[in-house]
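Participant: Can you read through this structure? Questions will come right after.
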Amino acid sequence: MTLFDSTTPLLALAPMQEVTDGAFWSLVHRYGGADVYWTEYFRVHATSTPEKRILDAITRNTTGRPVIAQMIGNDIPELVRTAKALQQFPVAAIDLNLGCPAPIVYRKCAGGGLLREPQRIDAILGALRDAVRVKFTVKTRLGFASVDEFDKLLPIYARHSLDALTVHARTVAQMYRLPVHFDRIRQAVETMPCPVIANGHVHSAAQAQGVLEQTRAHGLMIGRAAIRNPWLFTQIRQQWRGEAVTLPTGREVADYVRRLWDSQAGLDRPEKAQCERMKKFLNYLGEGVPGDFLHRIRRTQTAADFHGICREHLDHDRPMTLMPHEL
Ligand SMILES: Cc1cc2nc3c(=O)[nH]c(=O)nc-3n(C[C@H](O)[C@H](O)[C@H](O)COP(=O)(O)O)c2cc1C
C-alpha cells in the first residue's frame, strides 16, 4: 500500500519552521506518531542549496514513516533544480508551500504570496509535475485576501495530476485567526481528483472526527496541537475505532517536557538559550496547562527554574485534556 492509499484517515505532522526537526519527529513517534512527516521548508532561490540541517533530518529519520520534503520559492528553474536534488534523498514526495503568511516571504511572491498570481502557480506546477519522479503534493491556503479566490485556484490544482493537496482552510490575510473554513475543504474533496488533507486548528480527537465527517477529507494534518499534545495522533485513531480515548496524566506530560528538553539540548547551547528554544514548544503546550504555568515559563532563564515550574504544575496523576483554554 502506498502513502495515500490508506483506508483509515492519513494523519500528518504539519511542517513547522524551527519546530518540526528530526528530533521532534522522533519524539512524536514515541507517542504513537503521525503516518507521515513533513520537513520544514527548504528555501529555494538563485543561490540556494538545500539546508543541511533539514537534509540530515531526512537521512536520519528514525520514525520508520515516510517523509515529505517541502520547498518554498517561485523561480521555476531553481524549484526544478532543487526538486531534482531533493528526490535523490529518501523522500516519499516533494511538496510546494503555497501558504506561508510571513510578510518577508509573501512580499517576495513566495509561499502565500503566490496565491495572488494563479497563472504563475499554473506554470510552476506544470514544470514541477514534469520534473518530480516521486510523488508531488501542494500545501495551500484558500486565497490571499478572500476565501472566494479558492474557486479560481482549485481548477489549477486539479489540472496538474497532484498526488495530494493539503488545504489549510484560512486565507493568508487571516494568519492563524479563526474561523477555519472547513466547507472549503469539502469543496476541494469534491473537485480534486487526488486525496485532500484537511488542515487548520484540529485540536482534539472528537473534533478531528467531526472535521473528517464534515470535509470527507482523506486525512488530517496537525500542527500546533501536536506540540501541545503529542498523544493526539493516537487519540484520533482511538476515536476513529470507537475506543475510549486515553488521556496522559500530569506526570506523563512532565516526562514529555523532559524528553523535549533533552532532545533539544545542544551540547554547546547556554542554559538561557536552551530556555528560549524550549519556549518555542512550551508556548503551545502551555496553552493546555491550567493556571499561570505558561506565564511563568515565559519568564524562565535557567534550567532549575524551568524544571521547577514544570514540577509544580505537572507533578500529579490527574488526566489532562491539553486543550487550549481559549476555545
Ligand atoms: C511555528 C510555525 C511554523 C510553521 N512553518 C511552516 C512551514 O515551514 N511550512 C508550512 O507549510 N507551514 C508552516 N506552518 C503552518 C502549519 O504547517 C499549519 O498549516 C498551521 O499551523 C495550521 O495548522 P494547525 O492549526 O494544526 O497548527 C507553520 C506554523 C507554525 C505555527
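Residues are named by chain letter and number: chains run A, B, ... in the order of the C-alpha cells, numbers start at 1 in each chain, and ligands are numbered from 1 in the order shown.
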Could you name the residues that touch Thr302 (chain A) at 10 Å or less, counting only C-alpha atoms, but leaving out those on the same chain fewer than 5 positions away, as a list of chain:residue names?

Facilitator: A:Pro270, A:Glu271, A:Lys272, A:Ala273, A:Gln274, A:Cys275, A:Glu276, A:His307, A:Gly308

Participant: Just write the chosen residues, N, CA and C atoms, as a PDB file, in the first residue's frame.

Facilitator:
```pdb
ATOM      1  N   PRO A 270      24.052  27.576  25.640  1.00  0.00           N
ATOM      2  CA  PRO A 270      23.961  28.077  27.011  1.00  0.00           C
ATOM      3  C   PRO A 270      22.538  27.866  27.564  1.00  0.00           C
ATOM      4  N   GLU A 271      22.469  27.787  28.893  1.00  0.00           N
ATOM      5  CA  GLU A 271      21.208  27.496  29.582  1.00  0.00           C
ATOM      6  C   GLU A 271      20.068  28.442  29.166  1.00  0.00           C
ATOM      7  N   LYS A 272      20.415  29.727  29.075  1.00  0.00           N
ATOM      8  CA  LYS A 272      19.384  30.715  28.740  1.00  0.00           C
ATOM      9  C   LYS A 272      18.857  30.473  27.309  1.00  0.00           C
ATOM     10  N   ALA A 273      19.784  30.152  26.402  1.00  0.00           N
ATOM     11  CA  ALA A 273      19.376  29.881  25.014  1.00  0.00           C
ATOM     12  C   ALA A 273      18.527  28.617  24.945  1.00  0.00           C
ATOM     13  N   GLN A 274      18.850  27.631  25.788  1.00  0.00           N
ATOM     14  CA  GLN A 274      18.049  26.399  25.823  1.00  0.00           C
ATOM     15  C   GLN A 274      16.630  26.713  26.309  1.00  0.00           C
ATOM     16  N   CYS A 275      16.514  27.600  27.318  1.00  0.00           N
ATOM     17  CA  CYS A 275      15.174  28.003  27.798  1.00  0.00           C
ATOM     18  C   CYS A 275      14.417  28.691  26.666  1.00  0.00           C
ATOM     19  N   GLU A 276      15.095  29.559  25.918  1.00  0.00           N
ATOM     20  CA  GLU A 276      14.434  30.258  24.796  1.00  0.00           C
ATOM     21  C   GLU A 276      13.977  29.240  23.753  1.00  0.00           C
ATOM     22  N   HIS A 307      12.584  23.600  35.146  1.00  0.00           N
ATOM     23  CA  HIS A 307      12.149  22.282  35.621  1.00  0.00           C
ATOM     24  C   HIS A 307      11.344  22.410  36.917  1.00  0.00           C
ATOM     25  N   GLY A 308      11.681  23.409  37.734  1.00  0.00           N
ATOM     26  CA  GLY A 308      10.932  23.636  38.982  1.00  0.00           C
ATOM     27  C   GLY A 308       9.467  23.974  38.678  1.00  0.00           C
TER      28      GLY A 308
END
```

Participant: Counting only C-alpha atoms and all ligand atoms, what are the residues of chain A within 8 Å of ligand 1, and for each of them which pair of atoms is the nearest and at what distance in Å, to one decimal? Sort the table by chain and rising number, as a tab-separated table.

Facilitator:
```
residue	atom	partner	partner_atom_place_in_ligand_line	distance
A:Ala14	CA	ligand 1	17 (O)	4.3
A:Pro15	CA	ligand 1	17 (O)	4.4
A:Met16	CA	ligand 1	5 (N)	3.2
A:Gln17	CA	ligand 1	5 (N)	4.0
A:Glu18	CA	ligand 1	3 (C)	6.8
A:Val19	CA	ligand 1	1 (C)	6.5
A:Thr39	CA	ligand 1	8 (O)	7.3
A:Glu40	CA	ligand 1	8 (O)	4.2
A:Tyr41	CA	ligand 1	8 (O)	4.5
A:Gln70	CA	ligand 1	9 (N)	7.1
A:Leu96	CA	ligand 1	11 (O)	8.0
A:Asn97	CA	ligand 1	11 (O)	5.1
A:Leu98	CA	ligand 1	11 (O)	7.3
A:Gly99	CA	ligand 1	11 (O)	6.2
A:Cys100	CA	ligand 1	12 (N)	6.0
A:Lys139	CA	ligand 1	11 (O)	6.1
A:Thr140	CA	ligand 1	11 (O)	7.7
A:His168	CA	ligand 1	19 (O)	5.4
A:Tyr176	CA	ligand 1	22 (C)	7.0
A:Asn199	CA	ligand 1	23 (O)	5.4
A:Gly200	CA	ligand 1	25 (O)	3.9
A:His201	CA	ligand 1	25 (O)	3.3
A:Val202	CA	ligand 1	26 (O)	5.3
A:His203	CA	ligand 1	26 (O)	7.2
A:Met221	CA	ligand 1	26 (O)	6.4
A:Ile222	CA	ligand 1	26 (O)	3.9
A:Gly223	CA	ligand 1	26 (O)	3.5
A:Arg224	CA	ligand 1	27 (O)	3.8
A:Ala225	CA	ligand 1	26 (O)	5.9
A:Ala226	CA	ligand 1	26 (O)	7.5
A:Lys280	CA	ligand 1	1 (C)	7.6
```

Participant: Could you give me, as a PDB file with C-alpha atoms, in the first residue's frame, each residue of region 172-322 of chain A that DSSP assigns to strand (DSSP E) when run on this structure's backbone?

Facilitator:
```pdb
ATOM      1  CA  VAL A 196      -7.200  16.028   0.072  1.00  0.00           C
ATOM      2  CA  ILE A 197      -5.725  16.501   3.541  1.00  0.00           C
ATOM      3  CA  ALA A 198      -7.543  18.863   5.905  1.00  0.00           C
ATOM      4  CA  ASN A 199      -5.515  21.321   7.975  1.00  0.00           C
ATOM      5  CA  GLY A 219      -6.619  12.713   6.160  1.00  0.00           C
ATOM      6  CA  LEU A 220      -5.701  15.376   8.666  1.00  0.00           C
ATOM      7  CA  MET A 221      -2.574  17.454   9.042  1.00  0.00           C
ATOM      8  CA  ILE A 222      -1.935  18.649  12.576  1.00  0.00           C
TER       9      ILE A 222
END
```

Participant: Quick one: DSSP helix (DSSP H, G or I) residues in region 67-117 of chain A, as a list of chain:residue names?

Facilitator: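 Taking region 67-117 of chain A and keeping helix (DSSP H, G or I) gives A:Ile76, A:Pro77, A:Glu78, A:Leu79, A:Val80, A:Arg81, A:Thr82, A:Ala83, A:Lys84, A:Ala85, A:Leu86, A:Pro103, A:Ile104, A:Val105, A:Tyr106, A:Gly111, A:Gly112, A:Gly113, A:Leu114, A:Leu115, A:Arg116.
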
Participant: Just give me the gap between CA of Arg43 (chain A) and CA of Gly126 (chain A) in Å, one decimal is fine.

Facilitator: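 A separation of 19.7 Å between them.
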
Participant: From the options A:Asn61, A:Thr137, A:Thr2, A:Thr215, which residue's atoms come nearest to Thr20 (chain A), counting only C-alpha atoms?

Facilitator: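 Smallest distance to Thr20 (chain A) is found for A:Asn61.
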
Participant: For Met323 (chain A), which residue among A:Leu165, A:Ala93, A:Ala303, A:Leu232 is the nearest when counting only C-alpha atoms?

Facilitator: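 Of the candidates, the smallest distance to Met323 (chain A) is held by A:Leu232.
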
Participant: For a quick check of understanding, using only C-alpha atoms, which of A:Arg216, A:Arg159, A:His295, A:Arg277 has the smallest distance to Pro9 (chain A)?

Facilitator: A:Arg216

Participant: Rounded to one decimal place, report the CA of Pro230 (chain A)-CA of Gly33 (chain A) distance in Å.

Facilitator: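 Distance between the two atoms: 7.4 Å.
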
Participant: How far is it from CA of Val147 (chain A) to CA of Lys108 (chain A), in Å with one decimal?

Facilitator: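 A separation of 21.5 Å between them.
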
Participant: Residues at most 7 Å from Ala69 (chain A), counting only C-alpha atoms, excluding those fewer than 2 positions away in the same chain, as a list of chain:residue names?

Facilitator: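 Final neighbour list, sorted by chain and number: A:Trp38, A:Thr39, A:Val67, A:Met71, A:Val91, A:Ala93, A:Ile94, A:Asp95.
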
Participant: Next, write the just-selected residues to a file, as a short mmCIF file (atom, residue, chain, number, x, y, z; two decimals), in the first residue's frame, keeping C-alpha atoms as the atom set.

Facilitator:
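Okay, this is what ended up in result-v7.cif:
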```
data_model
loop_
_atom_site.label_atom_id
_atom_site.label_comp_id
_atom_site.auth_asym_id
_atom_site.auth_seq_id
_atom_site.Cartn_x
_atom_site.Cartn_y
_atom_site.Cartn_z
CA TRP A 38 6.67 16.97 6.51
CA THR A 39 10.03 18.74 6.64
CA VAL A 67 8.94 11.98 4.99
CA MET A 71 10.04 23.69 -0.82
CA VAL A 91 11.54 11.26 0.49
CA ALA A 93 7.08 13.25 -2.03
CA ILE A 94 8.10 16.78 -2.88
CA ASP A 95 5.67 19.40 -1.59
#
```

Participant: Nearest to Leu282 (chain A) among A:Trp25, A:Phe150, A:Phe306, A:Trp240, with distances taken over only C-alpha atoms: which residue is it?

Facilitator: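 Among A:Trp25, A:Phe150, A:Phe306, A:Trp240, it is A:Phe306 that comes nearest to Leu282 (chain A).
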
Participant: Closest to Ala127 (chain A) among A:Thr7, A:Thr62, A:Gln209, A:Asn74, using only C-alpha atoms?

Facilitator: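 Checking each of A:Thr7, A:Thr62, A:Gln209, A:Asn74 against Ala127 (chain A), counting only C-alpha atoms, the winner is A:Asn74.
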